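Student: Contents are PDB, C-alpha atoms and all ligand atoms; file name protein15.pdb:
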```pdb
MODEL        1
ATOM      1  CA  MET A   1       0.000   0.000   0.000
ATOM      2  CA  LEU A   2       1.274   3.456  -0.934
ATOM      3  CA  ILE A   3       0.633   6.299   1.487
ATOM      4  CA  THR A   4       0.616   9.687  -0.214
ATOM      5  CA  LYS A   5       0.289  13.135   1.339
ATOM      6  CA  THR A   6       0.946  15.589  -1.488
ATOM      7  CA  ILE A   7      -1.118  16.051  -4.629
ATOM      8  CA  ASP A   8       1.886  15.284  -6.853
ATOM      9  CA  ASP A   9       2.698  12.059  -5.009
ATOM     10  CA  PHE A  10      -0.940  11.027  -5.171
ATOM     11  CA  LYS A  11      -1.174  11.750  -8.911
ATOM     12  CA  ASN A  12       2.000   9.754  -9.560
ATOM     13  CA  ALA A  13       0.740   6.782  -7.561
ATOM     14  CA  ARG A  14      -2.676   6.999  -9.249
ATOM     15  CA  LYS A  15      -1.067   6.971 -12.731
ATOM     16  CA  ASP A  16       0.376   3.540 -12.045
ATOM     17  CA  LEU A  17      -3.018   1.953 -11.321
ATOM     18  CA  ASN A  18      -4.594   0.302 -14.345
ATOM     19  CA  GLY A  19      -8.127  -1.063 -14.314
ATOM     20  CA  THR A  20     -11.174   0.047 -12.370
ATOM     21  CA  ILE A  21     -10.871   2.201  -9.263
ATOM     22  CA  GLY A  22     -13.121   2.043  -6.216
ATOM     23  CA  PHE A  23     -12.815   5.041  -3.919
ATOM     24  CA  VAL A  24     -13.751   5.398  -0.242
ATOM     25  CA  PRO A  25     -13.503   8.921   1.209
ATOM     26  CA  THR A  26     -13.338   9.122   5.025
ATOM     27  CA  MET A  27     -12.359  11.388   7.876
ATOM     28  CA  GLY A  28     -10.392   8.601   9.571
ATOM     29  CA  ALA A  29     -10.726   6.951  13.004
ATOM     30  CA  LEU A  30     -11.819   3.996  10.923
ATOM     31  CA  HIS A  31     -14.357   1.455  12.196
ATOM     32  CA  LYS A  32     -16.288  -1.479  10.753
ATOM     33  CA  GLY A  33     -18.637   0.884   8.896
ATOM     34  CA  HIS A  34     -15.686   2.246   6.926
ATOM     35  CA  LEU A  35     -14.226  -1.237   6.543
ATOM     36  CA  ASN A  36     -17.479  -2.427   5.008
ATOM     37  CA  LEU A  37     -17.189   0.286   2.339
ATOM     38  CA  ILE A  38     -13.547  -0.636   1.672
ATOM     39  CA  GLN A  39     -14.369  -4.346   1.370
ATOM     40  CA  ARG A  40     -17.212  -3.641  -1.042
ATOM     41  CA  ALA A  41     -14.905  -1.398  -3.106
ATOM     42  CA  LYS A  42     -12.315  -4.178  -3.129
ATOM     43  CA  GLU A  43     -14.834  -6.773  -4.308
ATOM     44  CA  GLU A  44     -16.160  -4.618  -7.129
ATOM     45  CA  ASN A  45     -12.967  -2.995  -8.506
ATOM     46  CA  ASP A  46      -9.421  -3.777  -9.573
ATOM     47  CA  HIS A  47      -7.956  -1.212  -7.162
ATOM     48  CA  VAL A  48      -9.060   0.661  -4.056
ATOM     49  CA  ILE A  49      -8.166   4.184  -2.978
ATOM     50  CA  VAL A  50      -9.044   5.420   0.523
ATOM     51  CA  SER A  51      -8.708   9.022   1.614
ATOM     52  CA  ILE A  52      -8.451  10.233   5.186
ATOM     53  CA  PHE A  53      -8.994  13.954   5.479
ATOM     54  CA  VAL A  54     -10.786  15.881   8.206
ATOM     55  CA  ASN A  55     -12.189  18.527   5.921
ATOM     56  CA  PRO A  56     -12.209  21.941   7.624
ATOM     57  CA  THR A  57     -14.732  23.536   5.244
ATOM     58  CA  GLN A  58     -17.547  21.249   6.384
ATOM     59  CA  PHE A  59     -17.140  22.091  10.078
ATOM     60  CA  LEU A  60     -18.967  25.095  11.503
ATOM     61  CA  GLU A  61     -17.547  27.505  14.044
ATOM     62  CA  GLY A  62     -17.609  25.806  17.455
ATOM     63  CA  GLU A  63     -17.866  22.239  16.084
ATOM     64  CA  ASP A  64     -15.336  19.500  16.839
ATOM     65  CA  LEU A  65     -12.810  20.110  14.005
ATOM     66  CA  GLU A  66      -9.831  20.478  16.352
ATOM     67  CA  LYS A  67     -10.699  17.511  18.514
ATOM     68  CA  TYR A  68     -12.086  15.207  15.804
ATOM     69  CA  PRO A  69     -10.792  11.702  16.697
ATOM     70  CA  LYS A  70      -7.482  10.730  15.080
ATOM     71  CA  LYS A  71      -6.113   7.179  14.903
ATOM     72  CA  GLU A  72      -3.478   7.419  12.203
ATOM     73  CA  VAL A  73      -1.443   4.323  13.083
ATOM     74  CA  ALA A  74      -4.473   2.043  13.417
ATOM     75  CA  ASP A  75      -6.068   3.513  10.274
ATOM     76  CA  LYS A  76      -2.974   2.728   8.184
ATOM     77  CA  GLU A  77      -2.932  -0.833   9.503
ATOM     78  CA  ILE A  78      -6.640  -1.349   8.770
ATOM     79  CA  CYS A  79      -6.199  -0.069   5.204
ATOM     80  CA  LYS A  80      -3.110  -2.186   4.636
ATOM     81  CA  LEU A  81      -4.804  -5.355   5.893
ATOM     82  CA  ALA A  82      -7.908  -4.589   3.823
ATOM     83  CA  GLY A  83      -5.794  -4.515   0.655
ATOM     84  CA  VAL A  84      -6.041  -0.803  -0.105
ATOM     85  CA  ASP A  85      -3.738   0.268  -2.965
ATOM     86  CA  ILE A  86      -3.369   3.965  -2.167
ATOM     87  CA  LEU A  87      -4.098   5.693   1.121
ATOM     88  CA  PHE A  88      -4.330   9.429   0.495
ATOM     89  CA  MET A  89      -3.811  11.565   3.616
ATOM     90  CA  PRO A  90      -3.422  15.154   2.453
ATOM     91  CA  THR A  91      -2.932  18.259   4.573
ATOM     92  CA  SER A  92      -5.413  21.143   4.406
ATOM     93  CA  ASP A  93      -2.827  23.247   2.575
ATOM     94  CA  ALA A  94      -2.517  20.578  -0.106
ATOM     95  CA  MET A  95      -6.291  20.525  -0.654
ATOM     96  CA  TYR A  96      -7.124  24.236  -0.443
ATOM     97  CA  GLU A  97      -5.792  27.568  -1.545
ATOM     98  CA  GLY A  98      -7.158  30.776  -0.006
ATOM     99  CA  ASP A  99      -9.994  32.266  -2.041
ATOM    100  CA  GLU A 100     -11.641  29.311  -3.714
ATOM    101  CA  LEU A 101     -14.443  28.668  -6.136
ATOM    102  CA  LYS A 102     -17.270  27.174  -4.056
ATOM    103  CA  ILE A 103     -19.975  24.622  -4.593
ATOM    104  CA  ILE A 104     -23.331  25.509  -3.063
ATOM    105  CA  ALA A 105     -25.741  22.769  -1.997
ATOM    106  CA  PRO A 106     -29.223  22.960  -3.593
ATOM    107  CA  LYS A 107     -31.620  25.333  -1.822
ATOM    108  CA  ILE A 108     -34.092  22.751  -0.566
ATOM    109  CA  ARG A 109     -32.374  19.396  -0.264
ATOM    110  CA  GLY A 110     -29.164  21.028   1.005
ATOM    111  CA  TYR A 111     -30.717  23.303   3.603
ATOM    112  CA  VAL A 112     -33.234  21.115   5.445
ATOM    113  CA  LEU A 113     -32.412  18.789   8.353
ATOM    114  CA  ASP A 114     -28.613  18.738   8.813
ATOM    115  CA  GLY A 115     -28.322  21.561   6.276
ATOM    116  CA  HIS A 116     -30.639  23.636   8.466
ATOM    117  CA  ASN A 117     -28.923  22.749  11.725
ATOM    118  CA  ARG A 118     -25.437  23.018  10.243
ATOM    119  CA  PRO A 119     -25.730  25.767   7.578
ATOM    120  CA  GLY A 120     -22.844  25.591   5.124
ATOM    121  CA  HIS A 121     -21.862  22.068   6.181
ATOM    122  CA  PHE A 122     -23.011  20.505   2.936
ATOM    123  CA  ASP A 123     -21.370  23.202   0.779
ATOM    124  CA  GLY A 124     -18.022  22.276   2.323
ATOM    125  CA  MET A 125     -18.737  18.561   2.084
ATOM    126  CA  LEU A 126     -19.614  18.803  -1.630
ATOM    127  CA  GLN A 127     -16.528  20.938  -2.279
ATOM    128  CA  ILE A 128     -14.175  18.305  -0.859
ATOM    129  CA  VAL A 129     -15.979  15.376  -2.489
ATOM    130  CA  MET A 130     -15.791  17.128  -5.879
ATOM    131  CA  LYS A 131     -12.045  17.626  -5.418
ATOM    132  CA  LEU A 132     -11.518  14.016  -4.356
ATOM    133  CA  LEU A 133     -13.626  12.546  -7.175
ATOM    134  CA  ASN A 134     -11.681  14.610  -9.707
ATOM    135  CA  LEU A 135      -8.314  13.666  -8.234
ATOM    136  CA  THR A 136      -9.030   9.958  -7.943
ATOM    137  CA  ASN A 137     -10.934   9.740 -11.237
ATOM    138  CA  ALA A 138     -12.682   6.797  -9.608
ATOM    139  CA  ASP A 139     -15.131   4.521 -11.404
ATOM    140  CA  MET A 140     -17.110   3.840  -8.242
ATOM    141  CA  ALA A 141     -17.240   5.725  -4.943
ATOM    142  CA  TYR A 142     -18.716   4.167  -1.805
ATOM    143  CA  PHE A 143     -20.777   6.098   0.757
ATOM    144  CA  GLY A 144     -22.735   5.008   3.826
ATOM    145  CA  LYS A 145     -26.506   5.363   4.057
ATOM    146  CA  LYS A 146     -25.895   6.525   7.626
ATOM    147  CA  ASP A 147     -25.209   9.981   6.162
ATOM    148  CA  ALA A 148     -28.373   9.824   4.084
ATOM    149  CA  GLN A 149     -28.596  13.491   3.167
ATOM    150  CA  GLN A 150     -24.897  13.593   2.289
ATOM    151  CA  LEU A 151     -25.324  10.561   0.041
ATOM    152  CA  SER A 152     -28.330  12.114  -1.676
ATOM    153  CA  LEU A 153     -26.511  15.429  -2.292
ATOM    154  CA  ILE A 154     -23.409  13.714  -3.655
ATOM    155  CA  SER A 155     -25.569  11.671  -6.050
ATOM    156  CA  GLN A 156     -27.203  14.914  -7.184
ATOM    157  CA  MET A 157     -23.821  16.626  -7.666
ATOM    158  CA  VAL A 158     -22.563  13.733  -9.783
ATOM    159  CA  LYS A 159     -25.717  13.969 -11.905
ATOM    160  CA  ASN A 160     -25.764  17.785 -12.190
ATOM    161  CA  TYR A 161     -22.050  18.060 -13.034
ATOM    162  CA  PHE A 162     -21.988  15.000 -15.330
ATOM    163  CA  LEU A 163     -19.241  13.313 -13.324
ATOM    164  CA  LYS A 164     -18.288   9.820 -14.408
ATOM    165  CA  THR A 165     -18.132   8.207 -10.959
ATOM    166  CA  VAL A 166     -20.922   5.826  -9.966
ATOM    167  CA  ILE A 167     -22.050   6.487  -6.391
ATOM    168  CA  VAL A 168     -22.655   3.281  -4.448
ATOM    169  CA  PRO A 169     -24.870   3.515  -1.330
ATOM    170  CA  CYS A 170     -23.868   1.069   1.428
ATOM    171  CA  ASP A 171     -25.952  -0.188   4.358
ATOM    172  CA  ILE A 172     -25.514   1.163   7.881
ATOM    173  CA  VAL A 173     -23.220  -0.953  10.062
ATOM    174  CA  ARG A 174     -24.244  -1.155  13.731
ATOM    175  CA  ASP A 175     -22.629  -2.290  16.948
ATOM    176  CA  ILE A 176     -24.138  -5.408  18.558
ATOM    177  CA  ASP A 177     -26.242  -3.191  20.833
ATOM    178  CA  GLY A 178     -27.773  -1.482  17.759
ATOM    179  CA  LEU A 179     -25.939   1.855  17.916
ATOM    180  CA  ALA A 180     -24.816   2.921  14.435
ATOM    181  CA  LEU A 181     -21.023   2.916  14.281
ATOM    182  CA  SER A 182     -19.519   6.396  14.177
ATOM    183  CA  SER A 183     -16.064   7.807  14.804
ATOM    184  CA  ARG A 184     -17.757  10.188  17.238
ATOM    185  CA  ASN A 185     -19.070   7.341  19.452
ATOM    186  CA  ILE A 186     -15.763   7.417  21.351
ATOM    187  CA  TYR A 187     -16.809  10.775  22.814
ATOM    188  CA  LEU A 188     -19.683   9.042  24.686
ATOM    189  CA  THR A 189     -19.362   8.157  28.368
ATOM    190  CA  LYS A 190     -20.748   4.766  29.430
ATOM    191  CA  GLU A 191     -23.990   6.356  30.605
ATOM    192  CA  GLU A 192     -24.340   8.473  27.458
ATOM    193  CA  ARG A 193     -23.828   5.407  25.323
ATOM    194  CA  THR A 194     -26.686   3.660  27.102
ATOM    195  CA  ASN A 195     -28.861   6.737  26.579
ATOM    196  CA  ALA A 196     -27.821   6.899  22.914
ATOM    197  CA  LEU A 197     -29.404   3.482  22.371
ATOM    198  CA  SER A 198     -32.784   5.214  22.443
ATOM    199  CA  ILE A 199     -31.932   6.421  18.894
ATOM    200  CA  PRO A 200     -31.882   2.933  17.299
ATOM    201  CA  SER A 201     -34.771   1.966  19.619
ATOM    202  CA  ALA A 202     -36.868   4.821  18.232
ATOM    203  CA  LEU A 203     -36.058   3.729  14.672
ATOM    204  CA  GLN A 204     -36.913   0.146  15.558
ATOM    205  CA  LYS A 205     -40.243   1.302  16.975
ATOM    206  CA  ALA A 206     -40.930   3.093  13.673
ATOM    207  CA  SER A 207     -40.102  -0.082  11.788
ATOM    208  CA  GLN A 208     -42.452  -2.151  13.992
ATOM    209  CA  MET A 209     -45.276   0.340  13.518
ATOM    210  CA  ILE A 210     -44.850   0.254   9.743
ATOM    211  CA  ILE A 211     -44.785  -3.554   9.726
ATOM    212  CA  ALA A 212     -48.023  -3.454  11.767
ATOM    213  CA  GLY A 213     -49.605  -1.296   9.037
ATOM    214  CA  GLU A 214     -49.195   2.255  10.390
ATOM    215  CA  ARG A 215     -48.697   4.751   7.551
ATOM    216  CA  ASN A 216     -49.324   8.112   9.259
ATOM    217  CA  THR A 217     -45.957   9.814   9.673
ATOM    218  CA  GLU A 218     -47.089  12.096  12.556
ATOM    219  CA  ASN A 219     -48.136   9.063  14.634
ATOM    220  CA  ILE A 220     -44.802   7.383  13.946
ATOM    221  CA  LYS A 221     -42.793  10.526  14.755
ATOM    222  CA  ASN A 222     -44.702  11.042  18.018
ATOM    223  CA  SER A 223     -43.967   7.494  19.169
ATOM    224  CA  MET A 224     -40.304   7.961  18.298
ATOM    225  CA  ILE A 225     -40.111  11.269  20.178
ATOM    226  CA  ASP A 226     -41.651   9.615  23.270
ATOM    227  CA  ILE A 227     -38.831   7.059  23.285
ATOM    228  CA  LEU A 228     -36.116   9.639  22.619
ATOM    229  CA  ASN A 229     -37.361  12.125  25.228
ATOM    230  CA  LYS A 230     -36.755   9.603  27.997
ATOM    231  CA  ASN A 231     -32.990   9.501  27.394
ATOM    232  CA  VAL A 232     -31.792  12.168  25.013
ATOM    233  CA  ASN A 233     -31.426  15.748  26.229
ATOM    234  CA  ASN A 234     -31.586  17.489  22.909
ATOM    235  CA  ILE A 235     -33.408  16.215  19.815
ATOM    236  CA  ASP A 236     -32.314  18.151  16.710
ATOM    237  CA  TYR A 237     -34.928  16.544  14.517
ATOM    238  CA  VAL A 238     -37.057  13.475  13.948
ATOM    239  CA  GLU A 239     -38.224  13.613  10.339
ATOM    240  CA  ILE A 240     -39.836  11.355   7.805
ATOM    241  CA  VAL A 241     -39.090  12.293   4.206
ATOM    242  CA  ASN A 242     -39.186  10.763   0.778
ATOM    243  CA  ARG A 243     -35.950  10.052  -1.115
ATOM    244  CA  ASP A 244     -36.033  13.658  -2.409
ATOM    245  CA  PHE A 245     -35.956  14.833   1.204
ATOM    246  CA  LYS A 246     -39.458  16.275   1.062
ATOM    247  CA  ASN A 247     -41.688  15.807   4.131
ATOM    248  CA  ILE A 248     -44.449  13.265   3.657
ATOM    249  CA  ASN A 249     -47.680  12.593   5.549
ATOM    250  CA  GLU A 250     -47.942   8.939   4.579
ATOM    251  CA  ILE A 251     -45.177   6.350   4.507
ATOM    252  CA  GLU A 252     -44.261   5.418   0.923
ATOM    253  CA  ILE A 253     -42.792   1.930   0.958
ATOM    254  CA  LYS A 254     -39.380   1.828  -0.806
ATOM    255  CA  ASN A 255     -39.311   5.647  -1.006
ATOM    256  CA  THR A 256     -39.059   6.789   2.622
ATOM    257  CA  ILE A 257     -36.243   7.696   4.981
ATOM    258  CA  ILE A 258     -36.829   8.156   8.710
ATOM    259  CA  LEU A 259     -34.121  10.326  10.241
ATOM    260  CA  VAL A 260     -33.020  11.229  13.736
ATOM    261  CA  ALA A 261     -30.395  13.705  14.896
ATOM    262  CA  ALA A 262     -29.893  14.191  18.616
ATOM    263  CA  LYS A 263     -27.310  15.377  21.058
ATOM    264  CA  VAL A 264     -26.326  12.921  23.766
ATOM    265  CA  GLY A 265     -24.231  14.865  26.265
ATOM    266  CA  GLN A 266     -22.079  17.014  24.014
ATOM    267  CA  THR A 267     -22.063  14.525  21.128
ATOM    268  CA  ARG A 268     -24.345  14.977  18.143
ATOM    269  CA  LEU A 269     -25.413  11.640  16.649
ATOM    270  CA  ILE A 270     -27.380  10.892  13.496
ATOM    271  CA  ASP A 271     -29.083   7.715  12.420
ATOM    272  CA  ASN A 272     -31.800   6.692  10.007
ATOM    273  CA  LEU A 273     -33.915   3.948   8.548
ATOM    274  CA  TRP A 274     -34.598   3.438   4.840
ATOM    275  CA  VAL A 275     -38.109   2.104   4.369
TER     276      VAL A 275
HETATM  277  P1  LIG B   1     -16.775   9.659   7.952
HETATM  278  O1  LIG B   1     -15.372   9.187   8.166
HETATM  279  O2  LIG B   1     -17.608   9.661   9.196
HETATM  280  O3  LIG B   1     -16.851  10.952   7.176
HETATM  281  O4  LIG B   1     -17.487   8.576   7.031
HETATM  282  C1  LIG B   1     -16.928   8.156   5.812
HETATM  283  C2  LIG B   1     -17.914   7.276   5.099
HETATM  284  O5  LIG B   1     -18.241   6.162   5.913
HETATM  285  C3  LIG B   1     -19.241   7.991   4.784
HETATM  286  O6  LIG B   1     -19.688   7.584   3.505
HETATM  287  C4  LIG B   1     -20.157   7.479   5.861
HETATM  288  O7  LIG B   1     -21.520   7.490   5.501
HETATM  289  C5  LIG B   1     -19.654   6.051   6.023
HETATM  290  N1  LIG B   1     -20.027   5.529   7.326
HETATM  291  C6  LIG B   1     -19.751   6.051   8.542
HETATM  292  N2  LIG B   1     -20.306   5.306   9.518
HETATM  293  C7  LIG B   1     -20.974   4.306   8.908
HETATM  294  C8  LIG B   1     -21.763   3.211   9.358
HETATM  295  N3  LIG B   1     -21.991   2.988  10.649
HETATM  296  N4  LIG B   1     -22.281   2.376   8.437
HETATM  297  C9  LIG B   1     -22.057   2.576   7.123
HETATM  298  N5  LIG B   1     -21.329   3.581   6.613
HETATM  299  C10 LIG B   1     -20.788   4.436   7.500
ENDMDL
END
```
Would you write out, as structure tokens, the structure that this file holds?

Tutor:
Amino acid sequence: MLITKTIDDFKNARKDLNGTIGFVPTMGALHKGHLNLIQRAKEENDHVIVSIFVNPTQFLEGEDLEKYPKKEVADKEICKLAGVDILFMPTSDAMYEGDELKIIAPKIRGYVLDGHNRPGHFDGMLQIVMKLLNLTNADMAYFGKKDAQQLSLISQMVKNYFLKTVIVPCDIVRDIDGLALSSRNIYLTKEERTNALSIPSALQKASQMIIAGERNTENIKNSMIDILNKNVNNIDYVEIVNRDFKNINEIEIKNTIILVAAKVGQTRLIDNLWV
């Protein structure tokens, strides 16, 4: 596995890869959710590129940019063992110059839910993904459904800008207790982690209600909020939308996403269920 930090080194390493390229962009502190994306990329392509870059432009003032978890040694080992060809770990200076051309997320899909709570977050996310897709010239890029809105916006960017990369959505990987894996889970104390389990419990409740025939989204949201309120101090949102991120009154089977964002202690967690 080649580890590259500068753009020139990355481009040189990339030139030597022939065949199809699967790309997995990450912010590091890798866990089994990331590994799942890497393994899928490995299965479906001749070569795999992973990037680790904590992208400053997608963090808002006061968010955890400075203290975002870092596990460089373990991350390199995981990538090596997983058969990654190039691990790209650029610095901010390598990725950005001062006054840059920006990408702006679409007005509706980019500014509801996480886009509303974290204004500008998706602009920065799209900016870095555009750069990385162009640099890697990947055939396929793998993203987790856990970041549902991110995945939807990236798919739209690829479509709107006629990029060649195929975006592959990958299922959410959970811990045995049901909590969706996230690099940020290490911030949680033992008690907070127990409280955080109300997030997958609320989603499970939604799933049970739908299986039992409930279609009214208000009824489902209310039941979810009841579960969350018992353990979570700060619910950002509980929303039920269609795959275009528009609110819906009735569940549409195979076209619905149920999303939760909540703060447990100081840690903001997101999770969702694709129905
Ligand atoms: P991050 O390093 O958190 O920016 O995530 C990098 C990629 O891994 C994104 O496409 C995420 O959606 C995906 N990812 C993170 N956690 C999970 C998970 N628990 N299951 C599936 N994909 C995940």

Student: Can you work out which one of A:Asp171, A:Asp271, A:Glu239, A:Asp177 has the shortest atom-to-atom distance to ligand LIG 1 (chain B), counting all atoms listed in the file?

Tutor: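 Answer, going by the shortest atom-to-atom distance: A:Asp171.
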
Student: With a cut-off of 8 Å, could you pull out the residues of chain A touching ligand LIG 1 (chain B) and give me the nearest pair of atoms for each, distance in Å to one decimal, using all atoms listed in the file, ordered by chain and ascending number, as a Markdown table?

Tutor:
```
| residue | atom | partner | partner_atom | distance |
| --- | --- | --- | --- | --- |
| A:Val24 | CA | B:LIG1 | C2 | 7.0 |
| A:Pro25 | CA | B:LIG1 | C1 | 5.8 |
| A:Thr26 | CA | B:LIG1 | O1 | 3.7 |
| A:Met27 | CA | B:LIG1 | O1 | 3.7 |
| A:Gly28 | CA | B:LIG1 | O1 | 5.2 |
| A:Ala29 | CA | B:LIG1 | O1 | 7.1 |
| A:Leu30 | CA | B:LIG1 | O1 | 6.9 |
| A:His31 | CA | B:LIG1 | N2 | 7.6 |
| A:Lys32 | CA | B:LIG1 | N3 | 7.2 |
| A:Gly33 | CA | B:LIG1 | C8 | 3.9 |
| A:His34 | CA | B:LIG1 | O5 | 4.8 |
| A:Asn36 | CA | B:LIG1 | C9 | 7.1 |
| A:Leu37 | CA | B:LIG1 | N5 | 6.8 |
| A:Ile52 | CA | B:LIG1 | O1 | 7.6 |
| A:Val54 | CA | B:LIG1 | O3 | 7.9 |
| A:Tyr142 | CA | B:LIG1 | O6 | 6.4 |
| A:Phe143 | CA | B:LIG1 | O6 | 3.3 |
| A:Gly144 | CA | B:LIG1 | O7 | 3.2 |
| A:Lys145 | CA | B:LIG1 | O7 | 5.6 |
| A:Lys146 | CA | B:LIG1 | O7 | 5.0 |
| A:Asp147 | CA | B:LIG1 | O7 | 4.5 |
| A:Ala148 | CA | B:LIG1 | O7 | 7.4 |
| A:Gln150 | CA | B:LIG1 | O7 | 7.7 |
| A:Leu151 | CA | B:LIG1 | O6 | 7.3 |
| A:Cys170 | CA | B:LIG1 | C9 | 6.2 |
| A:Asp171 | CA | B:LIG1 | C9 | 5.5 |
| A:Ile172 | CA | B:LIG1 | N4 | 3.5 |
| A:Val173 | CA | B:LIG1 | N4 | 3.8 |
| A:Arg174 | CA | B:LIG1 | N3 | 5.6 |
| A:Ala180 | CA | B:LIG1 | N3 | 4.7 |
| A:Leu181 | CA | B:LIG1 | N3 | 3.8 |
| A:Ser182 | CA | B:LIG1 | N2 | 4.8 |
| A:Ser183 | CA | B:LIG1 | O2 | 6.1 |
```

Student: Quick one: residues within 7 Å of region 187-199 of chain A, all atoms listed in the file counted, chain neighbours fewer than 3 positions away excluded, as a tab-separated table (two decimals) with C-alpha atoms, in the coordinates of the input?

Tutor:
```tsv
chain	number	residue	atom	x	y	z
A	178	GLY	CA	-27.77	-1.48	17.76
A	179	LEU	CA	-25.94	1.86	17.92
A	184	ARG	CA	-17.76	10.19	17.24
A	202	ALA	CA	-36.87	4.82	18.23
A	203	LEU	CA	-36.06	3.73	14.67
A	227	ILE	CA	-38.83	7.06	23.28
A	228	LEU	CA	-36.12	9.64	22.62
A	231	ASN	CA	-32.99	9.50	27.39
A	232	VAL	CA	-31.79	12.17	25.01
A	264	VAL	CA	-26.33	12.92	23.77
A	265	GLY	CA	-24.23	14.86	26.26
A	267	THR	CA	-22.06	14.52	21.13
```

Student: Hey, what comes out of the PyMOL selection byres (((chain A and resi 120-133) around 7) and not hetatm) on this file? Could you write it as a list in words?

Tutor: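 Selection result, ordered by chain and number: Thr57, Gln58, Phe59, Leu60, Lys102, Ile103, Ile104, Ala105, Gly110, Gly115, Arg118, Pro119, Asn134, Leu135, Thr136, Asn137, Ala138 and Ile154 of chain A.
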
Student: Box along x, y and z, 6 Å on every side, all listed atoms of region 224-237 of chain A inside: centre and edge lengths in Å to one decimal, as lines of an AutoDock Vina configuration file.

Tutor:
```
center_x = -36.5
center_y = 12.6
center_z = 21.3
size_x = 22.2
size_y = 23.1
size_z = 25.5
```

Student: Could you tell me which residues the PyMOL selection byres (((chain A and resi 215-221) around 7) and not hetatm) grabs in this file, written as a list of chain:residue names?

Tutor: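 Expected selection for the PyMOL selection byres (((chain A and resi 215-221) around 7) and not hetatm) here is A:Ala206, A:Ile210, A:Gly213, A:Glu214, A:Asn222, A:Ser223, A:Met224, A:Ile225, A:Val238, A:Ile240, A:Asn249, A:Glu250, A:Ile251.
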
Student: Rank A:Ile211, A:Ile167, A:Leu113, A:Ile21 by their smallest atom-to-atom distance to Glu43 (chain A), using only C-alpha atoms, and report the top residue only.

Tutor: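 Nearest candidate to Glu43 (chain A) out of A:Ile211, A:Ile167, A:Leu113, A:Ile21: A:Ile21.
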
Student: Which of these residues is nearest to Asp64 (chain A), using only C-alpha atoms: A:Tyr237, A:Trp274, A:Met209, A:Gln266?

Tutor: A:Gln266

Student: Expressed in Å to a single decimal, how great is the separation between CA of Asp85 (chain A) and CA of Lys71 (chain A)?

Tutor: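 The value is 19.3 Å.
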
Student: Give me the residues within 7 Å of Asn242 (chain A) as a list in words, counting all atoms listed in the file and dropping any in the same chain fewer than 4 places off.

Tutor: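 Close residues of Asn242 (chain A): Lys246, Asn247, Ile248, Asn255, Thr256 and Ile257 of chain A.
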
Student: Restricting the calculation to only C-alpha atoms, which member of A:Ile7, A:Val241, A:Ala141, A:Ala262 is positioned closest to Val166 (chain A)?

Tutor: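 Among the listed residues, the smallest separation from Val166 (chain A) belongs to A:Ala141.
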
Student: Could you tell me how far CA of Asp93 (chain A) lies from CA of Met1 (chain A), in Å and to one decimal?

Tutor: 23.6 Å

Student: State, in Å with one decimal place, the distance from CA of Val73 (chain A) to CA of Phe88 (chain A).

Tutor: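 Interatomic distance here is 13.9 Å.
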
Student: Excluding Asn12 (chain A) and any residue of its chain fewer than 2 positions from it, enumerate the residues within 12 Å of it, using all atoms listed in the file, and give them as a count of residues only.

Tutor: 17

Student: From the set A:Ala74, A:Leu153, A:Ala212, A:Ile270, which residue has the shortest atom-to-atom contact distance to Ile108 (chain A), counting only C-alpha atoms?

Tutor: A:Leu153

Student: Restricting the calculation to only C-alpha atoms: of A:Asp226, A:Asn272, A:Cys79, A:Phe245, which residue gets closest to Tyr111 (chain A)?

Tutor: A:Phe245

Student: Spell out the residues picked by the PyMOL selection byres (((chain A and resi 82) around 10) and not hetatm) here, as a VMD selection string.

Tutor: chain A and resid 1 35 to 36 38 to 39 42 48 76 to 81 83 to 85
